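Just input-v6.cif here, mmCIF, C-alpha atoms:
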```cif
data_upload
loop_
_atom_site.label_atom_id
_atom_site.label_comp_id
_atom_site.auth_asym_id
_atom_site.auth_seq_id
_atom_site.Cartn_x
_atom_site.Cartn_y
_atom_site.Cartn_z
CA MET P 1 -5.16 62.12 -44.29
CA SER P 2 -1.80 63.49 -45.32
CA PHE P 3 1.55 61.81 -45.68
CA ASP P 4 4.50 63.91 -44.60
CA GLY P 5 7.90 62.29 -45.15
CA SER P 6 9.90 65.15 -43.62
CA VAL P 7 8.90 64.06 -40.11
CA ILE P 8 10.71 60.79 -40.71
CA LEU P 9 13.85 62.40 -42.12
CA ALA P 10 14.17 64.78 -39.20
CA ALA P 11 14.05 61.91 -36.72
CA LEU P 12 16.40 59.61 -38.58
CA PRO P 13 19.07 59.39 -35.82
CA ALA P 14 16.47 58.35 -33.23
CA ILE P 15 15.00 55.79 -35.62
CA LEU P 16 18.41 54.30 -36.31
CA SER P 17 19.18 53.99 -32.60
CA GLY P 18 15.86 52.21 -32.08
CA LEU P 19 16.68 49.89 -34.93
CA LYS P 20 20.05 49.13 -33.38
CA VAL P 21 18.38 48.15 -30.09
CA THR P 22 15.90 45.93 -31.94
CA LEU P 23 18.66 44.16 -33.89
CA GLY P 24 20.90 43.84 -30.82
CA ILE P 25 18.19 42.32 -28.63
CA TRP P 26 17.06 40.06 -31.45
CA VAL P 27 20.52 38.66 -32.19
CA ALA P 28 21.42 38.29 -28.50
CA ALA P 29 18.11 36.66 -27.54
CA THR P 30 18.29 34.27 -30.51
CA ALA P 31 21.85 33.25 -29.60
CA LEU P 32 21.05 32.87 -25.89
CA GLY P 33 17.80 31.06 -26.71
CA ILE P 34 19.61 28.58 -28.95
CA ALA P 35 22.32 27.93 -26.35
CA LEU P 36 19.93 27.55 -23.42
CA GLY P 37 17.40 25.64 -25.53
CA PHE P 38 20.10 23.19 -26.52
CA VAL P 39 21.10 22.62 -22.91
CA VAL P 40 17.46 22.08 -21.91
CA ALA P 41 16.88 19.66 -24.79
CA ALA P 42 20.06 17.75 -23.92
CA PHE P 43 19.05 17.46 -20.25
CA ARG P 44 15.59 16.29 -21.24
CA HIS P 45 17.05 13.74 -23.63
CA PHE P 46 19.99 12.43 -21.60
CA GLY P 47 19.43 13.71 -18.05
CA PRO P 48 17.70 12.10 -15.06
CA ARG P 49 13.91 11.78 -15.22
CA PRO P 50 12.89 14.20 -12.41
CA LEU P 51 14.97 16.95 -14.00
CA GLY P 52 13.42 16.16 -17.37
CA LEU P 53 9.92 16.49 -15.92
CA ALA P 54 10.72 19.80 -14.22
CA LEU P 55 12.17 21.18 -17.45
CA ARG P 56 9.14 19.93 -19.38
CA LEU P 57 6.86 21.81 -17.00
CA ALA P 58 8.86 25.01 -17.41
CA VAL P 59 8.79 24.68 -21.20
CA GLU P 60 5.03 24.03 -21.21
CA VAL P 61 4.39 27.12 -19.08
CA LEU P 62 6.57 29.33 -21.29
CA ARG P 63 4.92 28.01 -24.45
CA GLY P 64 1.39 28.12 -23.09
CA THR P 65 1.29 31.70 -21.80
CA PRO P 66 1.46 34.96 -23.77
CA PHE P 67 4.91 36.54 -24.03
CA LEU P 68 3.42 39.81 -22.77
CA ILE P 69 2.36 38.18 -19.48
CA GLN P 70 5.83 36.68 -19.05
CA ILE P 71 7.42 40.08 -19.59
CA PHE P 72 5.02 41.72 -17.12
CA LEU P 73 5.78 39.07 -14.52
CA LEU P 74 9.51 39.53 -14.94
CA TYR P 75 9.54 43.31 -15.16
CA PHE P 76 6.81 44.29 -12.69
CA GLY P 77 6.84 41.17 -10.50
CA GLY P 78 10.61 40.74 -10.43
CA PRO P 79 11.31 43.55 -7.90
CA PHE P 80 9.07 41.74 -5.37
CA ILE P 81 11.41 38.75 -5.36
CA GLY P 82 14.56 40.84 -5.42
CA LEU P 83 15.03 40.94 -9.18
CA SER P 84 14.96 44.59 -10.20
CA LEU P 85 15.96 44.89 -13.82
CA ASP P 86 16.05 47.82 -16.21
CA PRO P 87 13.87 47.50 -19.29
CA VAL P 88 16.64 46.36 -21.66
CA PRO P 89 18.07 43.53 -19.49
CA ALA P 90 14.55 42.50 -18.48
CA GLY P 91 13.51 42.39 -22.13
CA LEU P 92 16.60 40.48 -23.14
CA LEU P 93 16.21 37.95 -20.32
CA GLY P 94 12.48 37.51 -20.98
CA LEU P 95 12.90 37.07 -24.72
CA SER P 96 15.83 34.66 -24.25
CA LEU P 97 13.85 32.43 -21.86
CA TYR P 98 10.84 32.51 -24.19
CA ALA P 99 13.09 31.64 -27.15
CA ALA P 100 14.85 28.89 -25.19
CA ALA P 101 11.54 27.12 -24.53
CA TYR P 102 10.70 26.97 -28.23
CA PHE P 103 14.25 26.14 -29.34
CA SER P 104 14.43 23.32 -26.79
CA GLU P 105 11.34 21.73 -28.34
CA ILE P 106 12.87 22.07 -31.82
CA PHE P 107 16.11 20.42 -30.65
CA ARG P 108 14.27 17.69 -28.77
CA ALA P 109 12.38 16.76 -31.92
CA GLY P 110 15.71 16.94 -33.76
CA PHE P 111 17.38 14.48 -31.37
CA LEU P 112 14.47 12.09 -31.82
CA ALA P 113 14.55 12.45 -35.61
CA VAL P 114 18.15 11.27 -36.00
CA PRO P 115 17.78 7.71 -37.35
CA ARG P 116 18.42 5.10 -34.65
CA GLY P 117 20.47 3.08 -37.12
CA HIS P 118 23.10 5.80 -37.32
CA VAL P 119 23.53 5.80 -33.55
CA GLU P 120 23.66 2.00 -33.45
CA ALA P 121 26.20 1.93 -36.26
CA ALA P 122 28.36 4.40 -34.30
CA GLN P 123 28.10 2.17 -31.20
CA CYS P 124 29.08 -0.85 -33.29
CA VAL P 125 32.29 0.76 -34.53
CA GLY P 126 33.14 1.56 -30.91
CA LEU P 127 32.45 5.28 -30.57
CA SER P 128 32.01 6.50 -27.00
CA GLN P 129 28.79 8.20 -25.88
CA ALA P 130 30.46 11.62 -26.05
CA GLN P 131 31.81 10.90 -29.52
CA ILE P 132 28.37 9.80 -30.68
CA VAL P 133 26.85 13.03 -29.46
CA ARG P 134 29.58 15.18 -30.98
CA ARG P 135 30.11 13.36 -34.27
CA ILE P 136 26.68 11.90 -35.07
CA LEU P 137 23.80 13.42 -33.12
CA ILE P 138 24.72 17.10 -33.20
CA PRO P 139 25.78 17.35 -36.87
CA GLU P 140 22.78 15.39 -38.13
CA MET P 141 20.37 17.20 -35.84
CA THR P 142 21.67 20.62 -36.88
CA MET P 143 20.76 19.90 -40.48
CA LEU P 144 17.33 18.59 -39.52
CA VAL P 145 16.33 21.55 -37.33
CA LEU P 146 17.72 24.35 -39.48
CA PRO P 147 14.39 25.29 -41.15
CA GLN P 148 12.52 25.48 -37.82
CA CYS P 149 15.34 27.51 -36.27
CA VAL P 150 15.11 30.06 -39.09
CA ASN P 151 11.35 30.15 -38.59
CA MET P 152 11.81 30.74 -34.87
CA ALA P 153 14.33 33.52 -35.51
CA VAL P 154 11.72 35.22 -37.69
CA ILE P 155 9.11 34.90 -34.93
CA LEU P 156 11.59 36.44 -32.48
CA VAL P 157 12.14 39.55 -34.65
CA LYS P 158 8.43 40.14 -34.40
CA GLU P 159 8.32 39.45 -30.66
CA THR P 160 10.91 42.18 -30.00
CA ALA P 161 8.13 44.67 -30.82
CA VAL P 162 6.29 43.56 -27.66
CA LEU P 163 9.21 44.85 -25.57
CA SER P 164 8.14 48.40 -26.45
CA ILE P 165 5.34 47.90 -23.88
CA ILE P 166 7.86 47.80 -21.00
CA ALA P 167 9.64 50.85 -22.48
CA VAL P 168 12.62 49.14 -24.08
CA PRO P 169 13.83 51.84 -26.50
CA GLU P 170 13.62 49.61 -29.59
CA ALA P 171 12.20 50.44 -33.02
CA THR P 172 8.49 50.14 -32.16
CA ALA P 173 8.80 52.28 -29.02
CA VAL P 174 10.93 54.96 -30.69
CA ILE P 175 8.92 55.20 -33.90
CA SER P 176 5.46 55.10 -32.36
CA ALA P 177 6.55 57.74 -29.81
CA LEU P 178 7.63 59.82 -32.77
CA GLY P 179 4.16 59.36 -34.19
CA SER P 180 2.45 60.71 -31.11
CA GLN P 181 4.89 63.60 -30.54
CA GLN P 182 4.63 64.88 -34.11
CA TYR P 183 1.06 63.73 -34.60
CA ALA P 184 2.29 61.65 -37.54
CA PHE P 185 0.87 58.22 -36.65
CA VAL P 186 0.26 57.05 -40.17
CA GLU P 187 3.71 57.93 -41.54
CA SER P 188 5.61 56.50 -38.59
CA LEU P 189 3.60 53.31 -38.26
CA PHE P 190 3.85 52.61 -41.99
CA LEU P 191 7.59 53.07 -41.77
CA LEU P 192 7.69 50.71 -38.81
CA ALA P 193 5.64 48.07 -40.64
CA VAL P 194 7.90 48.30 -43.69
CA ILE P 195 11.04 47.96 -41.53
CA TYR P 196 9.79 44.76 -39.89
CA TRP P 197 8.46 43.43 -43.17
CA GLY P 198 11.86 43.93 -44.79
CA LEU P 199 13.67 42.39 -41.83
CA VAL P 200 11.42 39.31 -41.79
CA GLU P 201 11.61 38.79 -45.57
CA ALA P 202 15.39 39.20 -45.52
CA CYS P 203 15.76 36.75 -42.63
CA GLY P 204 13.48 34.21 -44.34
CA ARG P 205 15.39 34.49 -47.62
CA ALA P 206 18.79 34.25 -45.95
CA GLY P 207 17.58 31.16 -44.06
CA ARG P 208 16.40 29.45 -47.23
CA ALA P 209 19.68 30.26 -48.98
CA LEU P 210 21.59 28.78 -46.04
CA GLU P 211 19.47 25.63 -46.16
CA THR P 212 20.21 25.15 -49.85
CA ARG P 213 23.93 25.72 -49.34
CA LEU P 214 24.11 23.29 -46.46
CA SER P 215 21.79 20.69 -47.97
CA LYS P 216 24.78 18.61 -49.13
CA PHE P 217 25.58 17.92 -45.47
CA ARG P 218 22.22 16.28 -44.86
CA PHE P 219 22.51 12.61 -44.06
CA ALA P 220 19.12 11.91 -42.57
CA MET C 221 -6.98 37.88 -3.76
CA THR C 222 -10.61 38.01 -2.93
CA VAL C 223 -13.26 35.91 -4.62
CA ARG C 224 -14.70 39.00 -6.26
CA LEU C 225 -11.41 39.89 -7.93
CA PHE C 226 -10.99 36.31 -9.12
CA GLU C 227 -14.47 36.46 -10.62
CA LEU C 228 -13.38 39.61 -12.43
CA MET C 229 -10.38 37.75 -13.85
CA LEU C 230 -12.58 34.83 -14.92
CA LYS C 231 -14.98 37.17 -16.69
CA ALA C 232 -12.05 38.84 -18.45
CA ALA C 233 -10.80 35.39 -19.49
CA GLY C 234 -14.24 34.74 -20.97
CA TYR C 235 -13.95 37.96 -22.95
CA THR C 236 -10.52 36.90 -24.22
CA VAL C 237 -12.01 33.60 -25.36
CA VAL C 238 -14.93 35.31 -27.14
CA ILE C 239 -12.63 37.70 -29.01
CA SER C 240 -10.23 34.91 -29.93
CA VAL C 241 -13.01 32.64 -31.21
CA ALA C 242 -14.51 35.49 -33.24
CA SER C 243 -11.11 36.34 -34.76
CA ILE C 244 -10.42 32.71 -35.62
CA ALA C 245 -13.84 32.36 -37.30
CA ILE C 246 -13.61 35.63 -39.27
CA GLY C 247 -9.98 34.83 -40.06
CA LEU C 248 -10.97 31.40 -41.38
CA LEU C 249 -13.53 32.96 -43.76
CA ILE C 250 -11.04 35.54 -45.04
CA GLY C 251 -8.34 32.86 -45.10
CA ILE C 252 -10.47 30.64 -47.37
CA LEU C 253 -10.88 33.52 -49.83
CA VAL C 254 -7.17 34.39 -49.72
CA CYS C 255 -6.22 30.73 -50.14
CA ALA C 256 -8.57 30.43 -53.15
CA ALA C 257 -7.02 33.55 -54.66
CA LYS C 258 -3.51 32.24 -54.05
CA LEU C 259 -4.29 28.90 -55.72
CA SER C 260 -6.03 30.61 -58.64
CA PRO C 261 -4.44 30.44 -62.10
CA ARG C 262 -5.08 34.18 -62.60
CA PRO C 263 -2.08 36.32 -61.67
CA TRP C 264 -4.19 39.39 -60.81
CA LEU C 265 -5.77 37.32 -58.00
CA ARG C 266 -2.64 35.49 -56.97
CA TRP C 267 -0.43 38.54 -56.67
CA PRO C 268 -2.49 40.60 -54.16
CA ALA C 269 -3.16 37.48 -52.11
CA SER C 270 0.58 36.78 -51.84
CA LEU C 271 1.19 40.38 -50.83
CA PHE C 272 -1.53 40.14 -48.17
CA VAL C 273 -0.04 36.96 -46.70
CA SER C 274 3.50 38.30 -46.80
CA PHE C 275 2.54 41.57 -45.11
CA PHE C 276 0.43 40.15 -42.31
CA ARG C 277 2.96 37.40 -41.58
CA GLY C 278 5.91 39.75 -41.83
CA VAL C 279 4.81 42.57 -39.55
CA PRO C 280 4.47 42.14 -35.76
CA LEU C 281 0.86 41.92 -34.63
CA LEU C 282 1.46 44.80 -32.23
CA VAL C 283 2.44 47.06 -35.13
CA GLN C 284 -0.57 45.89 -37.16
CA LEU C 285 -2.85 46.70 -34.25
CA LEU C 286 -1.33 50.15 -33.74
CA LEU C 287 -1.58 50.80 -37.48
CA ILE C 288 -5.24 49.82 -37.71
CA TYR C 289 -6.12 51.59 -34.46
CA ASN C 290 -4.56 54.86 -35.68
CA LEU C 291 -5.23 54.54 -39.40
CA LEU C 292 -9.00 54.10 -39.23
CA PRO C 293 -9.65 57.44 -37.49
CA ALA C 294 -7.14 59.11 -39.83
CA ILE C 295 -9.22 58.13 -42.83
CA GLY C 296 -12.41 59.19 -41.08
CA ILE C 297 -13.68 55.87 -39.68
CA ALA C 298 -14.20 56.03 -35.94
CA VAL C 299 -14.64 52.57 -34.44
CA PRO C 300 -14.48 51.35 -30.84
CA SER C 301 -11.10 49.89 -29.92
CA VAL C 302 -12.50 46.37 -29.69
CA VAL C 303 -13.53 46.54 -33.35
CA ALA C 304 -10.07 47.72 -34.38
CA ALA C 305 -8.59 44.89 -32.31
CA LEU C 306 -10.92 42.35 -33.91
CA ILE C 307 -10.01 43.56 -37.41
CA GLY C 308 -6.29 43.33 -36.61
CA LEU C 309 -6.45 39.85 -35.08
CA SER C 310 -8.71 38.55 -37.86
CA LEU C 311 -6.52 39.83 -40.70
CA CYS C 312 -3.39 38.49 -39.06
CA THR C 313 -4.78 35.02 -38.44
CA ALA C 314 -6.37 35.04 -41.93
CA ALA C 315 -2.89 35.25 -43.48
CA TYR C 316 -1.64 32.29 -41.42
CA GLN C 317 -4.79 30.25 -41.98
CA ALA C 318 -4.66 30.89 -45.74
CA GLU C 319 -1.15 29.40 -45.80
CA ASN C 320 -2.26 26.42 -43.69
CA LEU C 321 -5.19 25.75 -46.01
CA ARG C 322 -2.97 26.10 -49.07
CA GLY C 323 -0.62 23.54 -47.53
CA GLY C 324 -3.61 21.22 -47.02
CA PHE C 325 -4.79 21.57 -50.62
CA LEU C 326 -1.31 21.05 -52.00
CA SER C 327 -0.82 17.86 -50.00
CA VAL C 328 -3.95 16.09 -51.25
CA PRO C 329 -2.43 13.01 -52.93
CA ARG C 330 -2.40 13.32 -56.72
CA GLY C 331 -3.52 9.75 -57.17
CA LEU C 332 -6.84 10.48 -55.49
CA LEU C 333 -7.46 13.47 -57.77
CA GLU C 334 -6.59 11.42 -60.84
CA ALA C 335 -8.86 8.60 -59.69
CA ALA C 336 -11.70 11.10 -59.24
CA ASP C 337 -11.12 12.40 -62.77
CA MET C 338 -11.14 8.84 -64.13
CA ALA C 339 -14.41 8.14 -62.33
CA GLY C 340 -15.94 11.04 -64.24
CA LEU C 341 -16.65 13.42 -61.36
CA SER C 342 -17.69 16.91 -62.38
CA PRO C 343 -15.33 19.74 -61.29
CA TRP C 344 -17.73 20.68 -58.46
CA GLN C 345 -18.07 17.08 -57.26
CA HIS C 346 -14.33 16.72 -57.53
CA PHE C 347 -13.88 19.71 -55.23
CA ARG C 348 -16.77 19.01 -52.87
CA ARG C 349 -16.20 15.25 -52.43
CA ILE C 350 -12.45 14.81 -52.78
CA ARG C 351 -10.28 17.90 -52.54
CA ALA C 352 -12.08 19.97 -49.89
CA PRO C 353 -12.75 17.19 -47.33
CA ILE C 354 -9.21 15.82 -47.51
CA ALA C 355 -7.59 19.24 -47.43
CA LEU C 356 -9.70 20.32 -44.45
CA ARG C 357 -8.85 17.15 -42.57
CA LEU C 358 -5.17 17.74 -43.19
CA THR C 359 -5.53 21.32 -41.90
CA VAL C 360 -7.20 20.56 -38.54
CA PRO C 361 -3.96 20.23 -36.50
CA ALA C 362 -2.70 23.52 -37.93
CA LEU C 363 -6.02 25.18 -37.13
CA VAL C 364 -5.85 24.08 -33.49
CA ASN C 365 -2.29 25.35 -33.32
CA GLU C 366 -3.38 28.68 -34.79
CA ALA C 367 -6.22 28.95 -32.26
CA ILE C 368 -3.69 28.63 -29.43
CA LEU C 369 -1.40 31.19 -31.04
CA ILE C 370 -4.25 33.69 -31.43
CA LEU C 371 -5.40 33.14 -27.88
CA LYS C 372 -1.92 34.10 -26.68
CA ALA C 373 -1.58 36.90 -29.23
CA SER C 374 -4.89 38.39 -28.10
CA SER C 375 -3.04 39.61 -25.01
CA LEU C 376 -1.63 42.35 -27.26
CA ILE C 377 -5.01 43.97 -27.83
CA SER C 378 -4.71 45.22 -24.24
CA VAL C 379 -2.37 47.82 -25.74
CA VAL C 380 -5.13 49.41 -27.84
CA GLY C 381 -7.34 49.61 -24.76
CA VAL C 382 -9.49 46.48 -24.87
CA ILE C 383 -10.19 45.33 -21.30
CA GLU C 384 -9.50 41.62 -21.77
CA LEU C 385 -7.61 39.22 -19.52
CA THR C 386 -4.17 40.84 -19.75
CA ARG C 387 -5.52 44.37 -19.32
CA THR C 388 -7.63 43.30 -16.35
CA ALA C 389 -4.59 41.70 -14.73
CA GLN C 390 -2.64 44.90 -15.42
CA ASN C 391 -5.34 47.08 -13.84
CA LEU C 392 -5.66 44.85 -10.78
CA ALA C 393 -1.89 44.54 -10.40
CA ALA C 394 -1.58 48.32 -10.47
CA SER C 395 -4.41 49.01 -8.04
CA THR C 396 -3.56 46.30 -5.48
CA TYR C 397 0.20 46.55 -5.94
CA GLU C 398 0.42 42.77 -6.32
CA PRO C 399 1.79 42.17 -9.84
CA LEU C 400 3.20 38.71 -9.06
CA LEU C 401 -0.18 37.41 -7.98
CA PHE C 402 -2.31 38.84 -10.77
CA TYR C 403 0.05 38.13 -13.67
CA SER C 404 0.53 34.57 -12.37
CA VAL C 405 -3.24 34.08 -12.20
CA ALA C 406 -3.61 35.52 -15.72
CA GLY C 407 -0.85 33.21 -16.96
CA GLY C 408 -2.53 30.25 -15.28
CA LEU C 409 -5.84 31.10 -16.93
CA TYR C 410 -4.21 31.34 -20.39
CA LEU C 411 -2.51 28.02 -19.72
CA ALA C 412 -5.79 26.39 -18.71
CA ILE C 413 -7.65 27.69 -21.77
CA ASN C 414 -4.85 26.52 -24.07
CA TRP C 415 -4.89 23.14 -22.43
CA VAL C 416 -8.63 22.80 -23.10
CA VAL C 417 -8.18 23.91 -26.73
CA ALA C 418 -5.33 21.43 -27.24
CA ALA C 419 -7.36 18.59 -25.67
CA GLY C 420 -10.36 19.48 -27.86
CA GLY C 421 -8.06 19.51 -30.87
CA SER C 422 -6.74 16.03 -30.27
CA LEU C 423 -10.31 14.76 -29.79
CA ALA C 424 -11.30 16.33 -33.11
CA GLU C 425 -8.28 14.82 -34.83
CA ARG C 426 -9.12 11.39 -33.49
CA ALA C 427 -12.73 11.72 -34.65
CA LEU C 428 -11.59 12.78 -38.11
CA ARG C 429 -9.13 9.94 -38.41
CA ARG C 430 -11.99 7.51 -38.84
CA GLY C 431 -12.44 6.85 -42.54
CA ARG C 432 -9.14 8.53 -43.21
CA LEU C 433 -7.82 8.30 -46.76
CA ALA C 434 -4.71 10.39 -46.73
#
```
Translate the structure described by the file into structure tokens.
Amino acid sequence: MSFDGSVILAALPAILSGLKVTLGIWVAATALGIALGFVVAAFRHFGPRPLGLALRLAVEVLRGTPFLIQIFLLYFGGPFIGLSLDPVPAGLLGLSLYAAAYFSEIFRAGFLAVPRGHVEAAQCVGLSQAQIVRRILIPEMTMLVLPQCVNMAVILVKETAVLSIIAVPEATAVISALGSQQYAFVESLFLLAVIYWGLVEACGRAGRALETRLSKFRFA
Amino acid sequence: MTVRLFELMLKAAGYTVVISVASIAIGLLIGILVCAAKLSPRPWLRWPASLFVSFFRGVPLLVQLLLIYNLLPAIGIAVPSVVAALIGLSLCTAAYQAENLRGGFLSVPRGLLEAADMAGLSPWQHFRRIRAPIALRLTVPALVNEAILILKASSLISVVGVIELTRTAQNLAASTYEPLLFYSVAGGLYLAINWVVAAGGSLAERALRRGRLA
């Protein structure tokens, strides 16, 4: 077994473009997942019961099946129901829906974890329902769910690698293709592992730093 | 979909279950060792264990699988793809299970440990009668959770050529040109297996709650 670093250097532009796709999809899917997850959690918490049950079913299905199967259904099954997507939009949509299911559960638990007394106190001083949501529930919940959200963001970095299977040109696809073209599997896959490792550690550390900084805003 | 094709899917689901159970079991054994090393007072044990956990939790399983699948032949070990897949899944779940176990051991109430010391238990009795049973009981929910995660993650071993549930669905979808049907059936089977695992988990938790101390 030999280790040849020059292969990596020669392909640096391709690697960087792959990395850009990985980061772009990750950030976009996390943001979309948080937004959609919040809407789903809010509808389940405040919405009518039938809608809540339907959303619960959707969340259970997304959380109970492998991400790879979901992506295959969307990418290969989509064209049969008139949804033909290129790899990148399909990957982004799939990852966002997957993320939304998990984020919605985090937010739902967050809504339930806000102490009842705080909501009652707000009602007593005459805050409207909308004010209670905006001034009490959302700020307190944000602080409570921050650690799980960071955790989920870390899981999503790792899930982006799965998108290489439907030929999204992200880091795993680009770098492992490099490995097979140059017959340099070991070098390229080690590089890939180190990139993800660094990304995950950095994200985890940044999350913990954020939690410490924001801890003074915790009321519950 | 004919009955014969459905039987094929069921058989593949069985294979997925076997591989997942094997990985969870091997991962638990390795996880116990890693957890022991991480809780050890000796830095030369603690340090490699931390590195192991950090690496296998920080790198996507797909990349781990590709690495193991390509690395073993490169260093002169030729193994069938299912063995490479099993090694990858086991090492990955071992890292998570080690952390779960460590969490269990660290949340054994101090008062119980002090009481055991006061009662004059030997170090082995202390471990065998107090720490281990309580820590294991605290870890059961996390173990069930991990089993479900590994069951879903095992779909990735289709990439290194193991013909499990996902790969079978892929093959049938390609040959019949009915991806919607076969991926939905595969998804339904994963869902059903997970449901059974989760139900079994809550039964186990209820059984363990009897005589609960912490």
Please write the residues picked by the PyMOL selection byres ((chain C) within 6 of (chain P)) on this file as a list in words.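 That expression, the PyMOL selection byres ((chain C) within 6 of (chain P)), corresponds here to Gly278, Val279, Pro280, Leu287, Ala294, Ile295, Lys372, Pro399, Leu400, Tyr403, Gly407, Tyr410 and Leu411 of chain C.
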Within 8 Å of Ala257 of chain C using all atoms listed in the file, minus same-chain residues under 4 positions, as a list in words: Leu253, Leu265, Arg266 and Ala269 of chain C
What do you get, as a ChimeraX atom specification, if you spell out every residue that the PyMOL selection byres ((chain P and resi 21) around 9) selects here? /P:16-20,22-26,88,168-171
Do a neighbour search on Leu230 of chain C at 10 Å with all atoms listed in the file, toss out local chain neighbours closer than 2 positions, and write the hits as a PyMOL selection string. chain C and resi 224-228+232-236+385+388+405-406+409
How far is it from atom CA of Val40 of chain P to atom CA of Ser104 of chain P, in Å with one decimal?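 About the pair atom CA of Val40 of chain P and atom CA of Ser104 of chain P: they are 5.9 Å apart.
Take atom CA of Val379 of chain C and atom CA of Gln317 of chain C: the distance between them is 24.0 Å.
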Please compute the atom CA of Leu281 of chain C-atom CA of Ile307 of chain C distance, one decimal, in Å.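 Between atom CA of Leu281 of chain C and atom CA of Ile307 of chain C the gap works out to 11.3 Å.
Here, the PyMOL selection byres ((chain C and resi 238-242) around 9) matches C:Ala233, C:Gly234, C:Tyr235, C:Thr236, C:Val237, C:Ser243, C:Ile244, C:Ala245, C:Ile246, C:Gly247, C:Val302, C:Ala305, C:Leu306, C:Leu309, C:Ser310, C:Ala367, C:Ile370, C:Leu371, C:Lys372, C:Ala373, C:Ser374, C:Glu384.
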Give me the residues near Ala314 of chain C as a short mmCIF file (atom, residue, chain, number, x, y, z; two decimals) with C-alpha atoms, in the frame of the given file, where near means some atom within 7 Å (using only C-alpha atoms) and where sequence neighbours in that chain fewer than 2 positions away do not count.
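Output below, filename out-v2.cif:
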```cif
data_model
loop_
_atom_site.label_atom_id
_atom_site.label_comp_id
_atom_site.auth_asym_id
_atom_site.auth_seq_id
_atom_site.Cartn_x
_atom_site.Cartn_y
_atom_site.Cartn_z
CA GLY C 247 -9.98 34.83 -40.06
CA LEU C 248 -10.97 31.40 -41.38
CA ILE C 250 -11.04 35.54 -45.04
CA GLY C 251 -8.34 32.86 -45.10
CA SER C 310 -8.71 38.55 -37.86
CA LEU C 311 -6.52 39.83 -40.70
CA CYS C 312 -3.39 38.49 -39.06
CA TYR C 316 -1.64 32.29 -41.42
CA GLN C 317 -4.79 30.25 -41.98
CA ALA C 318 -4.66 30.89 -45.74
#
```
My list of candidates is C:Ser378, C:Gln345, C:Thr386, C:Asn391. Which is closest to Ser404 of chain C when distances are computed with only C-alpha atoms?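 Closest residue, counting only C-alpha atoms: C:Thr386.
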Show me the residues close to (-5.2, 15.9, -47.2) - anything with an atom within 8 Å, counting only C-alpha atoms - and format the list as a VMD selection string. chain C and resid 324 to 325 327 to 329 351 353 to 359 434
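Nearest to Val39 of chain P of all the residues P:Ala10, P:Ala101, P:Leu146, P:Met141 is P:Ala101, counting all atoms listed in the file.
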